[in-house]
Amino acid sequence: MGNWRNTGITTIILLTILLLVGLTVASVITGENTQYTNEQNYDQMTEEVINEISTYIQIKDQKGKYYNINGTQKIEKIALLISPLVSQDIDVTQLTIQLDNGEKVKILSFDGNASKIDSNTLFNHPIWKNLTGNNFGFISIVDLDNSLIDHNTINDYSDNIYVVFKLPNDMTLEKRDKLIVTLFPSTGITRTTLLEAPLPIHPIVTFE
């Protein structure tokens, strides 16, 4: 999973370079008559590409917890460790999460549930009491300026925040079940990850 993430970031950077080179070449070929238009297009496209990169959200860790539900081991809680690629303000109130298990698509929203990890453990944190299967919250692991708690913003590449949510009752995961999770920021690149439930050898599992 880490190799795929690194490849994705490298691809974005290479595409940016190719775009800038292409725009420069096009500007030279078209000549002076369209110089002003090309400069406008160049600036606009460059700004859009930079915005896409600067709002890129990395997923560093993916965990779930099995529970015995009606005699069957099912994953009910999910925690994704996220971080910005670069230092840039990302408003988490504008983030939405889509769950897709191939049969149902569910949209989760953020309604202000954010807290520090403090002395709590990840899956027994008090924040879970406020999560219903329709919303998600954040547990701050590293946030040096408290921007998440105070301003609903992650703004530094050193920020490490778990986005946490409960799966709806009809979307809990048994072993080998798959779930596509997509993070939709207000601007920038959407982030999609495929979670496949491993064997419930331990209650807490890490998705590959």
# chains A, B, ... in the order shown; residues from 1 in each chain; ligands from 1

call {"tool": "residues_around", "arguments": {"residues": "A:Asp91", "least_positions_apart": "5", "cutoff": "12 Å", "atoms": "only C-alpha atoms", "output": "ChimeraX atom specification"}}
result
/A:55,57,84,96,110,112,147-155,184-188

call {"tool": "residues_around", "arguments": {"residues": "A:Val205", "least_positions_apart": "3", "cutoff": "8 Å", "atoms": "only C-alpha atoms", "output": "list in words"}}
result
Lys63, Gly64, Lys65, Tyr66, Pro198, Pro200 and His202 of chain A

call {"tool": "write_last_selection", "arguments": {"atoms": "all heavy atoms", "output": "compact mmCIF listing (two decimals), in the first residue's frame"}}
result
# COMPACT_ATOMS: atom_id res chain seq x y z
N LYS A 63 -7.01 0.87 10.07
CA LYS A 63 -7.30 -0.13 11.08
C LYS A 63 -8.81 -0.34 11.21
O LYS A 63 -9.61 0.54 10.91
CB LYS A 63 -6.72 0.27 12.43
CG LYS A 63 -5.19 0.31 12.47
CD LYS A 63 -4.67 0.49 13.87
CE LYS A 63 -3.15 0.56 13.90
NZ LYS A 63 -2.53 -0.66 13.35
N GLY A 64 -9.18 -1.52 11.68
CA GLY A 64 -10.56 -1.82 11.97
C GLY A 64 -10.65 -2.67 13.22
O GLY A 64 -9.65 -3.23 13.68
N LYS A 65 -11.86 -2.77 13.78
CA LYS A 65 -12.03 -3.60 14.97
C LYS A 65 -13.24 -4.51 14.80
O LYS A 65 -14.34 -4.07 14.46
CB LYS A 65 -12.20 -2.74 16.23
CG LYS A 65 -12.24 -3.58 17.51
CD LYS A 65 -12.19 -2.75 18.77
CE LYS A 65 -12.17 -3.65 20.00
NZ LYS A 65 -12.15 -2.89 21.26
N TYR A 66 -12.97 -5.80 15.05
CA TYR A 66 -14.03 -6.82 15.00
C TYR A 66 -14.84 -6.81 16.30
O TYR A 66 -14.31 -6.62 17.39
CB TYR A 66 -13.42 -8.21 14.82
CG TYR A 66 -13.15 -8.60 13.39
CD1 TYR A 66 -11.86 -8.58 12.87
CD2 TYR A 66 -14.18 -9.02 12.55
CE1 TYR A 66 -11.60 -8.97 11.56
CE2 TYR A 66 -13.93 -9.40 11.24
CZ TYR A 66 -12.64 -9.37 10.76
OH TYR A 66 -12.39 -9.75 9.46
N PRO A 198 -9.48 -8.76 6.84
CA PRO A 198 -8.65 -9.95 7.03
C PRO A 198 -9.30 -10.93 8.01
O PRO A 198 -10.37 -10.65 8.56
CB PRO A 198 -7.36 -9.37 7.61
CG PRO A 198 -7.80 -8.15 8.35
CD PRO A 198 -8.99 -7.60 7.59
N PRO A 200 -10.27 -12.67 11.35
CA PRO A 200 -10.41 -12.08 12.69
C PRO A 200 -9.58 -12.82 13.74
O PRO A 200 -10.11 -13.27 14.77
CB PRO A 200 -11.91 -12.21 12.96
CG PRO A 200 -12.33 -13.42 12.21
CD PRO A 200 -11.48 -13.45 10.96
N HIS A 202 -7.24 -11.45 15.53
CA HIS A 202 -7.23 -10.52 16.66
C HIS A 202 -8.38 -9.55 16.47
O HIS A 202 -8.80 -9.27 15.34
CB HIS A 202 -5.91 -9.75 16.73
CG HIS A 202 -4.71 -10.63 16.87
ND1 HIS A 202 -4.41 -11.31 18.03
CD2 HIS A 202 -3.73 -10.97 15.98
CE1 HIS A 202 -3.30 -12.00 17.88
NE2 HIS A 202 -2.88 -11.83 16.63

call {"tool": "closest_atom_pairs", "arguments": {"of": "stretch 39-157 of chain A", "to": "stretch 173-180 of chain A", "cutoff": "9 Å", "atoms": "only C-alpha atoms", "output": "JSON lines"}}
result
{"residue": "A:Tyr66", "atom": "CA", "partner": "A:Leu173", "partner_atom": "CA", "distance": 8.5}
{"residue": "A:Thr72", "atom": "CA", "partner": "A:Glu174", "partner_atom": "CA", "distance": 7.9}
{"residue": "A:Gln73", "atom": "CA", "partner": "A:Glu174", "partner_atom": "CA", "distance": 6.4}
{"residue": "A:Lys74", "atom": "CA", "partner": "A:Glu174", "partner_atom": "CA", "distance": 4.7}
{"residue": "A:Ile75", "atom": "CA", "partner": "A:Leu173", "partner_atom": "CA", "distance": 4.9}
{"residue": "A:Glu76", "atom": "CA", "partner": "A:Leu173", "partner_atom": "CA", "distance": 7.0}
{"residue": "A:Gln98", "atom": "CA", "partner": "A:Ile180", "partner_atom": "CA", "distance": 7.9}
{"residue": "A:Leu99", "atom": "CA", "partner": "A:Ile180", "partner_atom": "CA", "distance": 5.9}
{"residue": "A:Asp100", "atom": "CA", "partner": "A:Ile180", "partner_atom": "CA", "distance": 5.0}
{"residue": "A:Asn101", "atom": "CA", "partner": "A:Leu179", "partner_atom": "CA", "distance": 4.6}
{"residue": "A:Gly102", "atom": "CA", "partner": "A:Leu179", "partner_atom": "CA", "distance": 7.7}

call {"tool": "closest_residue", "arguments": {"among": "A:Gln94, A:Asn113, A:Thr132, A:Asn124", "to": "A:Ile204", "atoms": "only C-alpha atoms"}}
result
A:Asn124

call {"tool": "atom_distance", "arguments": {"atom1": "atom CA of A:Leu194", "atom2": "atom CA of A:Gln62"}}
result
10.0 Å

call {"tool": "atom_distance", "arguments": {"atom1": "atom CA of A:Leu95", "atom2": "atom CA of A:Thr193"}}
result
15.6 Å

call {"tool": "select_by_dssp", "arguments": {"residues": "stretch 108-207 of chain A", "states": "strand (DSSP E)", "output": "MDAnalysis selection string"}}
result
chainID A and resid 108:116 135:142 153:154 160:166 178:184 191:196 204:206

call {"tool": "closest_residue", "arguments": {"among": "A:Ile127, A:Leu183, A:Leu199, A:Ile189", "to": "A:Leu108", "atoms": "only C-alpha atoms"}}
result
A:Leu183

call {"tool": "residues_around", "arguments": {"residues": "A:Phe138", "least_positions_apart": "5", "cutoff": "6 Å", "atoms": "only C-alpha atoms", "output": "PyMOL selection string"}}
result
chain A and resi 114+162-164

call {"tool": "write_last_selection", "arguments": {"atoms": "N, CA, C and O atoms", "output": "PDB file, in the first residue's frame"}}
result
ATOM      1  N   ALA A 114     -14.496  16.093  17.097  1.00  0.00           N
ATOM      2  CA  ALA A 114     -13.035  16.061  17.004  1.00  0.00           C
ATOM      3  C   ALA A 114     -12.450  16.155  18.399  1.00  0.00           C
ATOM      4  O   ALA A 114     -12.908  16.954  19.221  1.00  0.00           O
ATOM      5  N   TYR A 162      -6.475  10.635  13.013  1.00  0.00           N
ATOM      6  CA  TYR A 162      -7.310   9.493  12.632  1.00  0.00           C
ATOM      7  C   TYR A 162      -8.715   9.995  12.313  1.00  0.00           C
ATOM      8  O   TYR A 162      -9.345  10.667  13.137  1.00  0.00           O
ATOM      9  N   VAL A 163      -9.194   9.707  11.093  1.00  0.00           N
ATOM     10  CA  VAL A 163     -10.601   9.915  10.790  1.00  0.00           C
ATOM     11  C   VAL A 163     -11.304   8.608  11.118  1.00  0.00           C
ATOM     12  O   VAL A 163     -10.893   7.534  10.675  1.00  0.00           O
ATOM     13  N   VAL A 164     -12.324   8.686  11.965  1.00  0.00           N
ATOM     14  CA  VAL A 164     -12.943   7.481  12.529  1.00  0.00           C
ATOM     15  C   VAL A 164     -14.438   7.466  12.241  1.00  0.00           C
ATOM     16  O   VAL A 164     -15.103   8.509  12.232  1.00  0.00           O
TER      17      VAL A 164
END

call {"tool": "closest_residue", "arguments": {"among": "A:Asp156, A:Phe207, A:Ala79, A:Lys106", "to": "A:His125", "atoms": "only C-alpha atoms"}}
result
A:Ala79

call {"tool": "closest_residue", "arguments": {"among": "A:Lys60, A:Lys116, A:Lys166, A:Arg191", "to": "A:Thr206", "atoms": "only C-alpha atoms"}}
result
A:Lys60
